[in-house]
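Contents: one structure, followed by commentary.
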Amino acid sequence: MATHHKADQPTLRSLTKRQWIRIASVCAAVGLVVAGGAATRSIYSHASGTPTAQPTAYSISDEHAASRGNARDALDGEPTYVNVTINGKTRTVLGTNFTDVKSVLDAGDITLESGDTVEPSLKTKVDESTTITINRAGAKMETEESKIPFNTVKKETSSLPKGTEKVETEGQEGILERTNLVERSGDKIISSNTFASWVKKAPVEKVILVGTADSQPAAQPTTDNSSSNSSSDSASESKPASNNSIGTTAPVGEMQQWAHDYLLANGGTEADFTATVFIISHESGWSVTATNPSSGAYGLAQALPGSKMASHGADWATNYQTQLKWFWDYCKGRYGSIQGAYAFWQANHWY
């Protein structure tokens, strides 16, 4: 049966040369689109199949963060600080989750008296840009200095004969500077509150070397030099020098006597007490209420903030025994021992 076509329907044979060129161009364009899509798909499928590692944020080291030399990072929660100015003197109060002005004053152990003016008001919300200003009529900031007594440390050494002593370092008193808010009536002091105190000059311990070497008898003539040398060498090896010991410290005052007795009664050593005396003398000069004006660190051990010590007693702000117990636990938890904290302090001048 014959097949009939419409007269105007073109066939392949009837296409002109221009039409063939147009068809070829369209086919080429389609081919490029398809090839490009395949290549793009290959790129994305490869990336999703083997994802590259993304960099993570770096944080400050734990060693530095726990130091009171880095106040902001030493806090246990979200760090917050607010500056408090009293009669022209400024102190930084550190804490966590401050809500209003009153919460800052409480954290800084700052007591208001009748007649004090406070800006902003006690219920005002605070942030790190807030400066609390307190004016106390008739009161002025006065600075005073007091002496920090030095301790005497005795260290054994085999370089000296037994029973002899030698002063290695002469002791020097330190200086504790206090800034007090003082109210006077004429020459009479009506009230005086310590606003800040810090160790202006650390005391220098008096170090006495104590000999441990046995006195040697006069040398006997011998023909066996090797035997003599051998016995001499073995004697020296059996008595190693103890110069590396941090020594023993005699307690000075009530606080040090209590610390000494408490440590030894609870498994501590004389070296632990020596390490304690050194660190506390350099951090606070044995002032229970020592307050660093720039960081807000507080107490014997300069805890930052001082409220950390509440874990060892509600009387942390005034009780030296509570503060020392916190200090010893902090040293053991962070440095493994009190002497470990001492070694770190010697190397870095903070702990």
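Simple scheme: letters A, B, ... for chains in structure tokens order, numbers from 1 for residues in each chain, numbers from 1 for ligands in the order shown.
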
(message) Can you pull out every residue from stretch 149-226 of chain A that DSSP, working from the backbone, puts in strand (DSSP E), and format the result as a PyMOL selection string?
(response) chain A and resi 152-161+165-169+174-185+188-201+206-213

(request) For A:Leu94, work out the shell of residues within 7 Å, counting only C-alpha atoms and skipping chain neighbours fewer than 3 positions away, then give it as a list in words. (result)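 Near A:Leu94, the qualifying residues are Thr80, Tyr81, Val82, Gly296 and Pro305 of chain A.
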
(request) Identify all residues of stretch 53-219 of chain A in alpha helix (DSSP H) (DSSP on the backbone) and supply them as a PyMOL selection string. (result) chain A and resi 62-65+101-107

Restricted to C-alpha atoms, what would the selected residues look like written as a PDB file, in the first residue's frame?
```
ATOM      1  CA  ASP A  62      44.463  25.384  80.732  1.00  0.00           C
ATOM      2  CA  GLU A  63      47.722  26.325  82.434  1.00  0.00           C
ATOM      3  CA  HIS A  64      47.302  29.991  81.596  1.00  0.00           C
ATOM      4  CA  ALA A  65      43.574  30.036  82.079  1.00  0.00           C
ATOM      5  CA  VAL A 101      24.771  47.026  90.874  1.00  0.00           C
ATOM      6  CA  LYS A 102      24.055  45.390  94.237  1.00  0.00           C
ATOM      7  CA  SER A 103      25.331  41.998  93.000  1.00  0.00           C
ATOM      8  CA  VAL A 104      28.642  43.623  92.019  1.00  0.00           C
ATOM      9  CA  LEU A 105      29.091  45.297  95.402  1.00  0.00           C
ATOM     10  CA  ASP A 106      28.299  42.022  97.163  1.00  0.00           C
ATOM     11  CA  ALA A 107      30.864  40.138  95.066  1.00  0.00           C
TER      12      ALA A 107
END
```

(request) Rank A:Gly267, A:Gly171, A:Pro149, A:Gly186 by their smallest atom-to-atom distance to A:Trp286, using only C-alpha atoms, and report the top residue only. (result) A:Pro149

(message) Between atom CA of A:Lys123 and atom CA of A:Arg136, what is the distance in Å, rounded to a tenth?
(response)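 Answer for the atom CA of A:Lys123 to atom CA of A:Arg136 separation: 19.3 Å.
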
(request) Between atom CA of A:Val126 and atom CA of A:Lys140, measure the distance and give it in Å to one decimal. (result) 26.2 Å

(message) Quick one: residues within 12 Å of stretch 131-134 of chain A, only C-alpha atoms, excluding same-chain residues fewer than 4 positions away - as a ChimeraX atom specification?
(response) /A:81-93,100-105,108,110-127,139-140,181

(request) For each of A:Glu283, A:Pro203, A:Thr152, A:Ala314, take the minimum atom-to-atom distance to A:Leu300, counting only C-alpha atoms, then give the residue where this is smallest. (result)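 Once distances to A:Leu300 are computed over only C-alpha atoms, the minimum belongs to A:Glu283.
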
(request) For A:Val207, please output as a ChimeraX atom specification all residues within 10 Å (counting only C-alpha atoms; exclusion window: fewer than 6 positions along the same chain). (result) /A:151-155,166-171,246-249

(request) Do a neighbour search on A:Thr212 at 6 Å with only C-alpha atoms, toss out local chain neighbours closer than 3 positions, and write the hits as a list in words. (result)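 Contacts, with the query itself left out: Thr157, Ser158, Pro161 and Lys162 of chain A.
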
(request) Rank A:Ser192, A:Gln257, A:Gln302, A:Ser245 by their smallest atom-to-atom distance to A:Ala290, using only C-alpha atoms, and report the top residue only. (result)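 Smallest distance to A:Ala290 is found for A:Gln302.
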
(message) I'd like the interatomic distance between atom CA of A:Phe195 and atom CA of A:Val277, to a tenth of an Å.
(response)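 Distance reported for this atom pair: 24.6 Å.
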